[in-house]
>>> print(open('input31.cif').read())   # mmCIF, N, CA and C atoms
data_input
#
loop_
_atom_site.label_atom_id
_atom_site.label_comp_id
_atom_site.auth_asym_id
_atom_site.auth_seq_id
_atom_site.Cartn_x
_atom_site.Cartn_y
_atom_site.Cartn_z
N MET A 1 103.18 -45.06 -101.06
CA MET A 1 101.86 -45.23 -100.47
C MET A 1 101.00 -46.08 -101.40
N PRO A 2 100.43 -47.18 -100.93
CA PRO A 2 99.59 -48.02 -101.77
C PRO A 2 98.32 -47.28 -102.21
N THR A 3 98.08 -47.24 -103.52
CA THR A 3 96.93 -46.54 -104.09
C THR A 3 96.27 -47.42 -105.14
N VAL A 4 94.95 -47.29 -105.26
CA VAL A 4 94.21 -48.00 -106.30
C VAL A 4 93.27 -47.01 -106.96
N SER A 5 93.13 -47.11 -108.28
CA SER A 5 92.17 -46.27 -108.99
C SER A 5 90.81 -46.98 -109.02
N MET A 6 89.79 -46.25 -109.39
CA MET A 6 88.44 -46.85 -109.43
C MET A 6 88.42 -48.06 -110.35
N SER A 7 89.17 -48.02 -111.45
CA SER A 7 89.16 -49.15 -112.38
C SER A 7 89.73 -50.42 -111.74
N GLY A 8 90.50 -50.25 -110.67
CA GLY A 8 91.07 -51.40 -109.99
C GLY A 8 90.24 -51.90 -108.82
N VAL A 9 89.07 -51.28 -108.59
CA VAL A 9 88.21 -51.68 -107.47
C VAL A 9 87.07 -52.53 -108.00
N PRO A 10 87.04 -53.82 -107.62
CA PRO A 10 85.98 -54.70 -108.12
C PRO A 10 84.60 -54.24 -107.66
N ASP A 11 83.61 -54.55 -108.49
CA ASP A 11 82.21 -54.24 -108.16
C ASP A 11 81.44 -55.54 -108.25
N PRO A 12 80.89 -56.05 -107.16
CA PRO A 12 80.91 -55.49 -105.82
C PRO A 12 82.28 -55.66 -105.16
N LEU A 13 82.44 -54.96 -104.05
CA LEU A 13 83.68 -55.05 -103.29
C LEU A 13 83.86 -56.48 -102.79
N PRO A 14 85.09 -56.98 -102.79
CA PRO A 14 85.32 -58.36 -102.34
C PRO A 14 85.01 -58.55 -100.86
N GLU A 15 84.58 -59.77 -100.54
CA GLU A 15 84.35 -60.13 -99.13
C GLU A 15 85.64 -59.91 -98.35
N GLY A 16 85.51 -59.37 -97.17
CA GLY A 16 86.67 -59.20 -96.31
C GLY A 16 87.40 -57.88 -96.50
N LEU A 17 87.08 -57.12 -97.57
CA LEU A 17 87.70 -55.81 -97.75
C LEU A 17 86.92 -54.81 -96.91
N HIS A 18 87.60 -54.14 -96.02
CA HIS A 18 86.98 -53.17 -95.13
C HIS A 18 87.15 -51.78 -95.75
N VAL A 19 86.12 -50.95 -95.70
CA VAL A 19 86.20 -49.58 -96.21
C VAL A 19 86.20 -48.62 -95.03
N LEU A 20 87.19 -47.73 -95.01
CA LEU A 20 87.31 -46.72 -93.97
C LEU A 20 87.16 -45.35 -94.62
N ASP A 21 86.17 -44.59 -94.18
CA ASP A 21 85.90 -43.24 -94.69
C ASP A 21 86.41 -42.24 -93.67
N VAL A 22 87.37 -41.39 -94.08
CA VAL A 22 88.00 -40.45 -93.15
C VAL A 22 87.51 -39.01 -93.34
N ARG A 23 86.37 -38.83 -94.00
CA ARG A 23 85.81 -37.49 -94.20
C ARG A 23 85.12 -37.00 -92.93
N GLU A 24 84.73 -35.73 -92.95
CA GLU A 24 84.03 -35.13 -91.82
C GLU A 24 82.58 -35.61 -91.77
N GLN A 25 81.93 -35.40 -90.62
CA GLN A 25 80.56 -35.91 -90.39
C GLN A 25 79.57 -35.43 -91.45
N VAL A 26 79.60 -34.16 -91.81
CA VAL A 26 78.64 -33.64 -92.79
C VAL A 26 78.82 -34.31 -94.15
N GLU A 27 80.07 -34.61 -94.51
CA GLU A 27 80.33 -35.30 -95.77
C GLU A 27 79.81 -36.73 -95.72
N TRP A 28 80.08 -37.41 -94.61
CA TRP A 28 79.60 -38.78 -94.40
C TRP A 28 78.08 -38.83 -94.47
N ASP A 29 77.42 -37.91 -93.77
CA ASP A 29 75.96 -37.90 -93.72
C ASP A 29 75.35 -37.74 -95.11
N ALA A 30 75.97 -36.92 -95.96
CA ALA A 30 75.43 -36.65 -97.30
C ALA A 30 75.51 -37.87 -98.22
N GLY A 31 76.55 -38.68 -98.07
CA GLY A 31 76.66 -39.86 -98.91
C GLY A 31 77.94 -40.61 -98.64
N HIS A 32 77.82 -41.93 -98.48
CA HIS A 32 78.98 -42.78 -98.23
C HIS A 32 78.74 -44.19 -98.76
N ILE A 33 79.79 -44.97 -98.77
CA ILE A 33 79.70 -46.36 -99.22
C ILE A 33 79.02 -47.18 -98.13
N GLU A 34 77.99 -47.90 -98.53
CA GLU A 34 77.27 -48.72 -97.55
C GLU A 34 78.22 -49.74 -96.91
N GLY A 35 78.16 -49.84 -95.60
CA GLY A 35 78.99 -50.77 -94.86
C GLY A 35 80.34 -50.21 -94.47
N ALA A 36 80.66 -48.99 -94.93
CA ALA A 36 81.94 -48.37 -94.58
C ALA A 36 81.96 -47.99 -93.10
N GLN A 37 83.16 -47.87 -92.56
CA GLN A 37 83.34 -47.39 -91.20
C GLN A 37 83.74 -45.93 -91.28
N HIS A 38 83.15 -45.10 -90.44
CA HIS A 38 83.45 -43.67 -90.45
C HIS A 38 84.33 -43.30 -89.26
N VAL A 39 85.55 -42.86 -89.57
CA VAL A 39 86.46 -42.32 -88.56
C VAL A 39 87.11 -41.08 -89.19
N PRO A 40 86.66 -39.88 -88.83
CA PRO A 40 87.26 -38.67 -89.40
C PRO A 40 88.78 -38.67 -89.20
N LEU A 41 89.50 -38.13 -90.17
CA LEU A 41 90.96 -38.13 -90.12
C LEU A 41 91.49 -37.60 -88.79
N GLY A 42 90.89 -36.54 -88.27
CA GLY A 42 91.35 -35.95 -87.02
C GLY A 42 91.19 -36.84 -85.80
N GLU A 43 90.38 -37.90 -85.92
CA GLU A 43 90.15 -38.83 -84.80
C GLU A 43 90.89 -40.15 -84.97
N LEU A 44 91.58 -40.32 -86.09
CA LEU A 44 92.15 -41.62 -86.43
C LEU A 44 93.16 -42.11 -85.39
N THR A 45 94.03 -41.24 -84.91
CA THR A 45 95.05 -41.70 -83.95
C THR A 45 94.41 -42.19 -82.66
N GLN A 46 93.32 -41.54 -82.22
CA GLN A 46 92.66 -41.95 -80.98
C GLN A 46 91.80 -43.20 -81.16
N ARG A 47 91.39 -43.49 -82.40
CA ARG A 47 90.45 -44.58 -82.64
C ARG A 47 91.08 -45.74 -83.41
N LEU A 48 92.40 -45.78 -83.44
CA LEU A 48 93.12 -46.82 -84.19
C LEU A 48 92.68 -48.22 -83.81
N ASP A 49 92.39 -48.44 -82.54
CA ASP A 49 92.00 -49.78 -82.07
C ASP A 49 90.65 -50.23 -82.61
N GLU A 50 89.88 -49.33 -83.25
CA GLU A 50 88.58 -49.70 -83.82
C GLU A 50 88.71 -50.34 -85.20
N LEU A 51 89.89 -50.23 -85.81
CA LEU A 51 90.07 -50.78 -87.15
C LEU A 51 90.17 -52.30 -87.09
N PRO A 52 89.54 -52.97 -88.04
CA PRO A 52 89.60 -54.43 -88.06
C PRO A 52 90.91 -54.92 -88.67
N GLU A 53 91.16 -56.20 -88.52
CA GLU A 53 92.29 -56.84 -89.19
C GLU A 53 91.96 -56.98 -90.67
N GLY A 54 92.98 -57.16 -91.49
CA GLY A 54 92.76 -57.37 -92.92
C GLY A 54 92.96 -56.10 -93.72
N GLN A 55 92.73 -56.22 -95.02
CA GLN A 55 92.96 -55.09 -95.91
C GLN A 55 91.86 -54.04 -95.77
N VAL A 56 92.29 -52.77 -95.79
CA VAL A 56 91.38 -51.65 -95.63
C VAL A 56 91.53 -50.71 -96.82
N LEU A 57 90.43 -50.38 -97.46
CA LEU A 57 90.37 -49.37 -98.52
C LEU A 57 89.98 -48.06 -97.85
N VAL A 58 90.85 -47.06 -97.92
CA VAL A 58 90.62 -45.79 -97.24
C VAL A 58 90.14 -44.77 -98.26
N VAL A 59 89.04 -44.05 -97.92
CA VAL A 59 88.45 -43.09 -98.85
C VAL A 59 88.21 -41.73 -98.18
N CYS A 60 88.27 -40.70 -99.00
CA CYS A 60 87.84 -39.35 -98.61
C CYS A 60 87.17 -38.75 -99.85
N LYS A 61 87.10 -37.45 -99.97
CA LYS A 61 86.41 -36.85 -101.11
C LYS A 61 87.21 -37.02 -102.40
N VAL A 62 88.53 -36.71 -102.36
CA VAL A 62 89.35 -36.74 -103.57
C VAL A 62 90.55 -37.67 -103.47
N GLY A 63 91.04 -37.93 -102.28
CA GLY A 63 92.19 -38.80 -102.10
C GLY A 63 93.30 -38.21 -101.27
N GLY A 64 93.22 -36.94 -100.90
CA GLY A 64 94.26 -36.29 -100.11
C GLY A 64 94.27 -36.72 -98.66
N ARG A 65 93.13 -36.57 -98.00
CA ARG A 65 93.05 -36.97 -96.59
C ARG A 65 93.25 -38.47 -96.43
N SER A 66 92.65 -39.23 -97.34
CA SER A 66 92.83 -40.68 -97.25
C SER A 66 94.28 -41.06 -97.51
N GLY A 67 94.98 -40.30 -98.35
CA GLY A 67 96.40 -40.54 -98.58
C GLY A 67 97.21 -40.33 -97.30
N GLN A 68 96.87 -39.28 -96.56
CA GLN A 68 97.53 -39.04 -95.27
C GLN A 68 97.25 -40.19 -94.31
N ALA A 69 95.99 -40.63 -94.28
CA ALA A 69 95.60 -41.72 -93.39
C ALA A 69 96.34 -43.01 -93.77
N VAL A 70 96.43 -43.29 -95.06
CA VAL A 70 97.11 -44.50 -95.52
C VAL A 70 98.58 -44.48 -95.14
N ALA A 71 99.24 -43.32 -95.32
CA ALA A 71 100.65 -43.22 -94.97
C ALA A 71 100.86 -43.52 -93.48
N TRP A 72 100.02 -42.94 -92.64
CA TRP A 72 100.16 -43.14 -91.20
C TRP A 72 99.80 -44.57 -90.80
N LEU A 73 98.69 -45.08 -91.33
CA LEU A 73 98.27 -46.44 -90.99
C LEU A 73 99.29 -47.48 -91.47
N HIS A 74 99.88 -47.23 -92.63
CA HIS A 74 100.92 -48.13 -93.14
C HIS A 74 102.10 -48.18 -92.17
N GLN A 75 102.47 -47.02 -91.63
CA GLN A 75 103.56 -46.97 -90.65
C GLN A 75 103.20 -47.75 -89.38
N GLN A 76 101.91 -47.84 -89.09
CA GLN A 76 101.46 -48.57 -87.90
C GLN A 76 101.32 -50.07 -88.16
N GLY A 77 101.62 -50.49 -89.40
CA GLY A 77 101.58 -51.90 -89.73
C GLY A 77 100.28 -52.40 -90.33
N HIS A 78 99.40 -51.50 -90.72
CA HIS A 78 98.11 -51.91 -91.30
C HIS A 78 98.23 -52.13 -92.80
N ASP A 79 97.42 -53.03 -93.33
CA ASP A 79 97.34 -53.32 -94.76
C ASP A 79 96.29 -52.38 -95.35
N VAL A 80 96.73 -51.24 -95.86
CA VAL A 80 95.83 -50.19 -96.31
C VAL A 80 96.13 -49.77 -97.74
N VAL A 81 95.06 -49.31 -98.43
CA VAL A 81 95.16 -48.83 -99.79
C VAL A 81 94.31 -47.57 -99.90
N ASN A 82 94.84 -46.55 -100.58
CA ASN A 82 94.13 -45.30 -100.80
C ASN A 82 93.32 -45.39 -102.09
N LEU A 83 92.06 -44.93 -102.05
CA LEU A 83 91.24 -44.86 -103.26
C LEU A 83 91.54 -43.55 -103.97
N ASP A 84 92.30 -43.62 -105.06
CA ASP A 84 92.66 -42.45 -105.85
C ASP A 84 91.40 -41.85 -106.47
N GLY A 85 91.19 -40.57 -106.26
CA GLY A 85 89.98 -39.92 -106.78
C GLY A 85 88.84 -39.91 -105.78
N GLY A 86 88.95 -40.71 -104.74
CA GLY A 86 88.01 -40.70 -103.63
C GLY A 86 86.55 -40.90 -104.00
N MET A 87 85.71 -40.33 -103.17
CA MET A 87 84.27 -40.48 -103.34
C MET A 87 83.76 -39.79 -104.61
N LEU A 88 84.47 -38.77 -105.08
CA LEU A 88 84.06 -38.15 -106.34
C LEU A 88 84.15 -39.15 -107.49
N GLU A 89 85.23 -39.94 -107.53
CA GLU A 89 85.38 -40.96 -108.55
C GLU A 89 84.38 -42.10 -108.34
N TRP A 90 84.16 -42.46 -107.08
CA TRP A 90 83.19 -43.51 -106.75
C TRP A 90 81.81 -43.12 -107.30
N GLU A 91 81.40 -41.89 -107.02
CA GLU A 91 80.10 -41.41 -107.48
C GLU A 91 80.06 -41.34 -109.01
N ALA A 92 81.13 -40.82 -109.63
CA ALA A 92 81.19 -40.70 -111.09
C ALA A 92 81.11 -42.06 -111.78
N ALA A 93 81.61 -43.09 -111.11
CA ALA A 93 81.57 -44.44 -111.67
C ALA A 93 80.20 -45.09 -111.49
N GLY A 94 79.27 -44.38 -110.84
CA GLY A 94 77.93 -44.91 -110.64
C GLY A 94 77.85 -45.97 -109.56
N ARG A 95 78.84 -46.00 -108.68
CA ARG A 95 78.83 -46.98 -107.59
C ARG A 95 77.78 -46.58 -106.55
N PRO A 96 77.18 -47.55 -105.88
CA PRO A 96 76.11 -47.25 -104.93
C PRO A 96 76.62 -46.53 -103.67
N MET A 97 75.77 -45.64 -103.18
CA MET A 97 76.04 -44.92 -101.94
C MET A 97 74.74 -44.86 -101.14
N VAL A 98 74.89 -44.57 -99.86
CA VAL A 98 73.74 -44.37 -98.98
C VAL A 98 73.91 -43.02 -98.29
N SER A 99 72.80 -42.50 -97.77
CA SER A 99 72.78 -41.20 -97.13
C SER A 99 72.18 -41.31 -95.74
N GLU A 100 72.59 -40.42 -94.85
CA GLU A 100 72.02 -40.37 -93.50
C GLU A 100 71.05 -39.20 -93.36
N THR A 101 70.79 -38.47 -94.46
CA THR A 101 70.01 -37.24 -94.38
C THR A 101 68.55 -37.40 -94.80
N GLY A 102 68.20 -38.53 -95.36
CA GLY A 102 66.85 -38.69 -95.91
C GLY A 102 66.77 -38.18 -97.36
N GLN A 103 67.85 -37.61 -97.84
CA GLN A 103 67.94 -37.13 -99.22
C GLN A 103 68.72 -38.17 -100.04
N PRO A 104 68.64 -38.08 -101.37
CA PRO A 104 69.48 -38.97 -102.19
C PRO A 104 70.96 -38.74 -101.86
N PRO A 105 71.75 -39.81 -101.83
CA PRO A 105 73.16 -39.65 -101.48
C PRO A 105 73.91 -38.80 -102.49
N ALA A 106 74.86 -38.02 -101.97
CA ALA A 106 75.68 -37.14 -102.82
C ALA A 106 77.02 -36.95 -102.13
N VAL A 107 78.02 -36.61 -102.91
CA VAL A 107 79.33 -36.27 -102.37
C VAL A 107 79.40 -34.77 -102.23
N VAL A 108 79.65 -34.30 -101.01
CA VAL A 108 79.72 -32.86 -100.76
C VAL A 108 81.11 -32.49 -100.25
#
>>> encode(input="input31.cif", output="structure tokens")
Amino acid sequence: MPTVSMSGVPDPLPEGLHVLDVREQVEWDAGHIEGAQHVPLGELTQRLDELPEGQVLVVCKVGGRSGQAVAWLHQQGHDVVNLDGGMLEWEAAGRPMVSETGQPPAVV
């Protein structure tokens, strides 16, 4: 399964790299990567046609759910990479996030 650590993720993210967040709605609302697409893991098979062409960086809280998503998407022929450490590592690295709650963004 293709995986990248935070140290391997350029800041800012390169043009054309799509970010897919597979966490649940409450997690997304609390804090996510600006410009990311939200498709909870449980909805991924039904919403596969919403994914764009090109490379996709898949994220969740720690890397487990996104790892499952990457394995399945890879089987479907998508160019996908799992973010090892997930949003916890993203936040720890001081990378920017946005929130849908009106509160400062956080990983929950």
>>> select_by_dssp(input="input31.cif", residues="stretch 2-104 of chain A", states="strand (DSSP E)", output="NGL selection string")
:A and (3-4 or 18-21 or 37-38 or 56-59 or 80-83)
>>> resolve_selection(input="input31.cif", expression="the PyMOL selection byres (((chain A and resi 78 and name CA) around 12) and name CA)", output="list in words")
Met1, Pro2, His18, Leu48, Asp49, Leu51, Pro52, Glu53, Gly54, Gln55, Val56, Leu57, Val58, Ala69, Val70, Ala71, Trp72, Leu73, His74, Gln75, Gln76, Gly77, Asp79, Val80 and Val81 of chain A
>>> atom_distance(input="input31.cif", atom1="atom N of A:Asp21", atom2="atom C of A:Val39")
6.2 Å
>>> atom_distance(input="input31.cif", atom1="atom CA of A:Glu89", atom2="atom CA of A:Glu50")
26.4 Å
>>> closest_residue(input="input31.cif", among="A:Ala93, A:Ser5, A:Thr101, A:Cys60", to="A:Glu24", atoms="only N, CA and C atoms")
A:Cys60
>>> atom_distance(input="input31.cif", atom1="atom CA of A:Leu17", atom2="atom CA of A:Asn82")
12.7 Å
>>> resolve_selection(input="input31.cif", expression="the PyMOL selection byres ((chain A and resi 28) around 8)", output="VMD selection string")
chain A and resid 21 to 27 29 to 33 38 98 to 101 106 to 108
>>> closest_residue(input="input31.cif", among="A:Arg95, A:Pro105, A:Val59, A:Gly64", to="A:Leu13", atoms="only C-alpha atoms")
A:Arg95
